[in-house]
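Student: Below is a structure I'd like to ask you about.
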Amino acid sequence: MSLLVGILCQNGVVIASDSSRASGADGPATIEQPLEKTRVVARDLIFAATGQVGLGQRLEPTLRELREDSRFPEWQHMAIARSISAEAMRDFTATGSDLRGFGALVAFRCATGFHLCEFTVGGLQPEFKRPELWFASMGRARATAESLLGLVRRTLLADRRPSLEEGIFAAAWSLGHAIELRPGRVQGPPQIAVLADDPADPLRPARLLSEAEVADQLGKVRRVEEHLGQIRRLLSKES
């Protein structure tokens, strides 16, 4: 079962996931295998899916075909989300697919700016993240990731929407935290994709962070956690 995290930033979008699949989906798990779950579909479209791997493989060409329409940049975000949902459901229904446990996070840029859309687990109904509710997660370890994201929002960000760099860090921390606890077979390393809103370079491509960039973010996470550990000495002095 995947863990997905999506963050709508002030100047871009971050989508991240774990990177492992347990075999034996219809029975006892046997081995963990590496899997690329966070994908760059186009220069301005990224996604990650949870649930059956085959359904995610089928969703990707649906997204690509919609993006290849020359009118895509002119469409409104809700029209795009409805098309994604309708086309994906048409494809899945044709083969009697069981959508239980399957959902996706999709980020794209269109006429109304950049957006993060959650396609709900089991129904693929679109829900856009907004400035006041700027993160989403899916998967068995969702509660673990969202509790940490809530802490980040309340403390480090003081209830404001993060910058892109802050969003990358928050995604790395929430994935790293869940991977460390390993509930529900969540395995690392994290995979992180970004879609940046850069007025100076409107064609800047969406991209996956390199292994070195992810490692750098996890290094920042360790330093923050070490700093938090110093509070224990402060508390002992006050007692």
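The way I read the labels, and the way they are meant: chains A, B, ... in the order of the structure tokens, residue 1 as the first residue of every chain, and ligand 1 as the first ligand shown, with later ones counted on from there.
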So which residues of range 118-239 of chain A fall under alpha helix (DSSP H) by DSSP, listed as a ChimeraX atom specification?
Tutor: /A:142-154,164-181,211-229,231-238
Student: Write to file, as a compact mmCIF listing (two decimals), in the first residue's frame, the residues of the selection just made, with C-alpha atoms.
Tutor:
# COMPACT_ATOMS: atom_id res chain seq x y z
CA ARG A 142 -2.19 8.60 5.88
CA ALA A 143 -2.87 9.41 9.53
CA THR A 144 0.83 9.26 10.35
CA ALA A 145 1.74 11.65 7.55
CA GLU A 146 -1.11 14.08 8.14
CA SER A 147 -0.48 14.35 11.88
CA LEU A 148 3.07 15.51 11.18
CA LEU A 149 1.93 17.85 8.38
CA GLY A 150 -0.57 19.34 10.80
CA LEU A 151 2.22 19.95 13.30
CA VAL A 152 4.37 21.58 10.60
CA ARG A 153 1.46 23.84 9.60
CA ARG A 154 0.75 24.90 13.17
CA LEU A 164 8.02 25.53 -2.62
CA GLU A 165 11.19 24.84 -0.64
CA GLU A 166 9.20 24.54 2.59
CA GLY A 167 6.74 22.24 0.83
CA ILE A 168 9.54 19.97 -0.37
CA PHE A 169 10.91 19.79 3.17
CA ALA A 170 7.47 19.06 4.66
CA ALA A 171 6.89 16.27 2.13
CA ALA A 172 10.30 14.74 2.85
CA TRP A 173 9.72 14.92 6.59
CA SER A 174 6.24 13.36 6.48
CA LEU A 175 7.41 10.54 4.17
CA GLY A 176 10.57 9.97 6.18
CA HIS A 177 8.58 9.91 9.41
CA ALA A 178 6.12 7.34 8.06
CA ILE A 179 8.89 5.22 6.54
CA GLU A 180 10.73 5.23 9.85
CA LEU A 181 7.67 3.97 11.70
CA GLU A 211 18.53 10.93 -5.22
CA ALA A 212 21.07 13.50 -4.03
CA GLU A 213 18.39 16.18 -3.65
CA VAL A 214 16.14 13.82 -1.68
CA ALA A 215 19.08 12.84 0.51
CA ASP A 216 19.78 16.53 1.15
CA GLN A 217 16.17 17.06 2.26
CA LEU A 218 16.35 14.04 4.57
CA GLY A 219 19.56 15.49 5.99
CA LYS A 220 17.66 18.67 6.84
CA VAL A 221 14.98 16.53 8.47
CA ARG A 222 17.60 14.82 10.67
CA ARG A 223 19.03 18.18 11.73
CA VAL A 224 15.60 19.48 12.67
CA GLU A 225 14.85 16.33 14.65
CA GLU A 226 18.22 16.60 16.40
CA HIS A 227 17.38 20.19 17.30
CA LEU A 228 14.05 19.05 18.74
CA GLY A 229 15.95 16.50 20.80
CA ILE A 231 14.53 20.45 24.09
CA ARG A 232 14.81 17.49 26.47
CA ARG A 233 17.82 19.13 28.13
CA LEU A 234 15.88 22.38 28.39
CA LEU A 235 12.95 20.61 30.06
CA SER A 236 15.22 18.80 32.51
CA LYS A 237 16.78 22.13 33.55
CA GLU A 238 13.35 23.61 34.26
Student: Just the residues within 12 Å of Leu35 in chain A, please, counting only C-alpha atoms, with nothing from its chain fewer than 4 positions along; format it as a PyMOL selection string.
Tutor: chain A and resi 1-2+17-23+39+48-50+53+56-57+186-191
Student: Go ahead and save the picked residues with C-alpha atoms, as a PDB file, in the first residue's frame.
Tutor:
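What landed in part.pdb:
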ATOM      1  CA  MET A   1       0.000   0.000   0.000  1.00  0.00           C
ATOM      2  CA  SER A   2       1.429   3.374  -1.009  1.00  0.00           C
ATOM      3  CA  SER A  17       5.378   8.964  -2.309  1.00  0.00           C
ATOM      4  CA  ASP A  18       7.152   5.988  -0.881  1.00  0.00           C
ATOM      5  CA  SER A  19       8.935   3.741  -3.385  1.00  0.00           C
ATOM      6  CA  SER A  20       8.122   0.125  -2.647  1.00  0.00           C
ATOM      7  CA  ARG A  21       5.547  -2.471  -3.604  1.00  0.00           C
ATOM      8  CA  ALA A  22       4.857  -5.637  -1.660  1.00  0.00           C
ATOM      9  CA  SER A  23       4.144  -8.668  -3.812  1.00  0.00           C
ATOM     10  CA  ARG A  39       5.620  10.259 -12.155  1.00  0.00           C
ATOM     11  CA  ALA A  48       1.139   9.592  -8.038  1.00  0.00           C
ATOM     12  CA  ALA A  49      -1.341   6.782  -7.399  1.00  0.00           C
ATOM     13  CA  THR A  50      -2.118   4.435  -4.535  1.00  0.00           C
ATOM     14  CA  VAL A  53      -0.286  -0.768  -9.628  1.00  0.00           C
ATOM     15  CA  GLY A  56      -1.955   3.546 -11.978  1.00  0.00           C
ATOM     16  CA  GLN A  57      -0.276   2.321 -15.155  1.00  0.00           C
ATOM     17  CA  VAL A 186       5.617   1.894   3.758  1.00  0.00           C
ATOM     18  CA  GLN A 187       9.179   1.717   2.508  1.00  0.00           C
ATOM     19  CA  GLY A 188      11.746   4.237   1.286  1.00  0.00           C
ATOM     20  CA  PRO A 189      13.385   6.140  -0.082  1.00  0.00           C
ATOM     21  CA  PRO A 190      10.867   8.919  -0.726  1.00  0.00           C
ATOM     22  CA  GLN A 191      10.167  10.003  -4.285  1.00  0.00           C
TER      23      GLN A 191
END
Student: Find the distance between CA of Arg207 in chain A and CA of Ala158 in chain A and write it in Å to one decimal.
Tutor: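 CA of Ala158 in chain A lies at a distance of 28.4 Å from CA of Arg207 in chain A.
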Student: Per DSSP on the backbone, what are the strand (DSSP E or B) residues of range 144-220 of chain A, as a VMD selection string?
Tutor: chain A and resid 191 to 196 207 to 208
Student: Kindly export the residues of the current selection with all heavy atoms, as an mmCIF file, in the first residue's frame.
Tutor:
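This is the output file selection-v2.cif:
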data_model
loop_
_atom_site.group_PDB
_atom_site.id
_atom_site.type_symbol
_atom_site.label_atom_id
_atom_site.label_comp_id
_atom_site.auth_asym_id
_atom_site.auth_seq_id
_atom_site.Cartn_x
_atom_site.Cartn_y
_atom_site.Cartn_z
ATOM 1 N N GLN A 191 10.095 9.442 -2.936
ATOM 2 C CA GLN A 191 10.167 10.003 -4.285
ATOM 3 C C GLN A 191 9.419 11.333 -4.256
ATOM 4 O O GLN A 191 8.298 11.396 -3.752
ATOM 5 C CB GLN A 191 9.526 9.062 -5.297
ATOM 6 C CG GLN A 191 10.225 7.724 -5.416
ATOM 7 C CD GLN A 191 9.447 6.724 -6.263
ATOM 8 O OE1 GLN A 191 8.332 6.992 -6.685
ATOM 9 N NE2 GLN A 191 10.031 5.567 -6.497
ATOM 10 N N ILE A 192 10.035 12.384 -4.791
ATOM 11 C CA ILE A 192 9.459 13.723 -4.706
ATOM 12 C C ILE A 192 9.501 14.377 -6.081
ATOM 13 O O ILE A 192 10.558 14.448 -6.711
ATOM 14 C CB ILE A 192 10.214 14.599 -3.686
ATOM 15 C CG1 ILE A 192 10.219 13.932 -2.299
ATOM 16 C CG2 ILE A 192 9.589 15.982 -3.606
ATOM 17 C CD1 ILE A 192 11.051 14.668 -1.265
ATOM 18 N N ALA A 193 8.348 14.860 -6.539
ATOM 19 C CA ALA A 193 8.262 15.604 -7.792
ATOM 20 C C ALA A 193 7.762 17.014 -7.492
ATOM 21 O O ALA A 193 6.964 17.215 -6.560
ATOM 22 C CB ALA A 193 7.322 14.917 -8.780
ATOM 23 N N VAL A 194 8.228 17.986 -8.277
ATOM 24 C CA VAL A 194 7.816 19.369 -8.082
ATOM 25 C C VAL A 194 7.303 19.944 -9.399
ATOM 26 O O VAL A 194 7.769 19.585 -10.482
ATOM 27 C CB VAL A 194 8.957 20.248 -7.543
ATOM 28 C CG1 VAL A 194 9.389 19.771 -6.168
ATOM 29 C CG2 VAL A 194 10.148 20.252 -8.497
ATOM 30 N N LEU A 195 6.332 20.828 -9.274
ATOM 31 C CA LEU A 195 5.823 21.611 -10.389
ATOM 32 C C LEU A 195 5.907 23.056 -9.937
ATOM 33 O O LEU A 195 5.173 23.482 -9.040
ATOM 34 C CB LEU A 195 4.374 21.226 -10.706
ATOM 35 C CG LEU A 195 3.629 22.066 -11.744
ATOM 36 C CD1 LEU A 195 4.346 22.022 -13.081
ATOM 37 C CD2 LEU A 195 2.200 21.598 -11.885
ATOM 38 N N ALA A 196 6.834 23.818 -10.517
ATOM 39 C CA ALA A 196 7.110 25.161 -10.034
ATOM 40 C C ALA A 196 6.346 26.205 -10.827
ATOM 41 O O ALA A 196 6.164 26.074 -12.038
ATOM 42 C CB ALA A 196 8.608 25.446 -10.112
ATOM 43 N N ARG A 207 9.591 18.171 -12.573
ATOM 44 C CA ARG A 207 10.699 17.221 -12.512
ATOM 45 C C ARG A 207 10.672 16.431 -11.216
ATOM 46 O O ARG A 207 10.085 16.852 -10.215
ATOM 47 C CB ARG A 207 12.047 17.937 -12.624
ATOM 48 C CG ARG A 207 12.377 18.858 -11.457
ATOM 49 C CD ARG A 207 13.672 19.616 -11.688
ATOM 50 N NE ARG A 207 14.060 20.377 -10.505
ATOM 51 C CZ ARG A 207 14.843 19.907 -9.527
ATOM 52 N NH1 ARG A 207 15.312 18.665 -9.604
ATOM 53 N NH2 ARG A 207 15.152 20.641 -8.482
ATOM 54 N N LEU A 208 11.328 15.274 -11.273
ATOM 55 C CA LEU A 208 11.584 14.479 -10.080
ATOM 56 C C LEU A 208 12.884 14.943 -9.442
ATOM 57 O O LEU A 208 13.873 15.196 -10.141
ATOM 58 C CB LEU A 208 11.710 12.997 -10.438
ATOM 59 C CG LEU A 208 10.436 12.180 -10.616
ATOM 60 C CD1 LEU A 208 10.781 10.817 -11.187
ATOM 61 C CD2 LEU A 208 9.710 12.024 -9.283
#
Student: Skip Glu74 in chain A itself and residues of its chain fewer than 6 positions away, then list as a list in words all residues within 10 Å of it, counting only C-alpha atoms.
Tutor: Arg109, Cys110, Ala111 and Thr112 of chain A
Student: Write the residues you've just listed into a file as a PDB file, in the first residue's frame, and include C-alpha atoms for each of them.
Tutor:
ATOM      1  CA  ARG A 109      -0.826  24.046 -14.713  1.00  0.00           C
ATOM      2  CA  CYS A 110      -3.622  25.447 -16.908  1.00  0.00           C
ATOM      3  CA  ALA A 111      -5.401  28.728 -17.691  1.00  0.00           C
ATOM      4  CA  THR A 112      -6.259  29.274 -14.010  1.00  0.00           C
TER       5      THR A 112
END
Student: Which one of A:Gln76, A:Thr120, A:Ser210, A:Thr62 sits closest to Met138 in chain A if you count only C-alpha atoms?
Tutor: A:Thr120
Student: Provide the CA of Pro34 in chain A to CA of Ser97 in chain A distance in Å, to one decimal place.
Tutor: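 These two atoms are separated by 24.3 Å.
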Student: List the neighbours of Ala81 in chain A out to 12 Å using only C-alpha atoms; skip same-chain residues closer than 5 positions along the sequence, and give me the result as a count of residues only.
Tutor: 28
Student: If I take CA of Ser137 in chain A and CA of Gly6 in chain A, how far is one from the other in Å, to one decimal?
Tutor: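 Those two atoms sit 6.2 Å apart.
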Student: Ranking A:Leu157, A:Leu8, A:Gln230, A:Leu3 by minimum distance to Leu133 in chain A and counting only C-alpha atoms, which one comes first?
Tutor: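 For Leu133 in chain A, the nearest of the given residues is A:Leu8.
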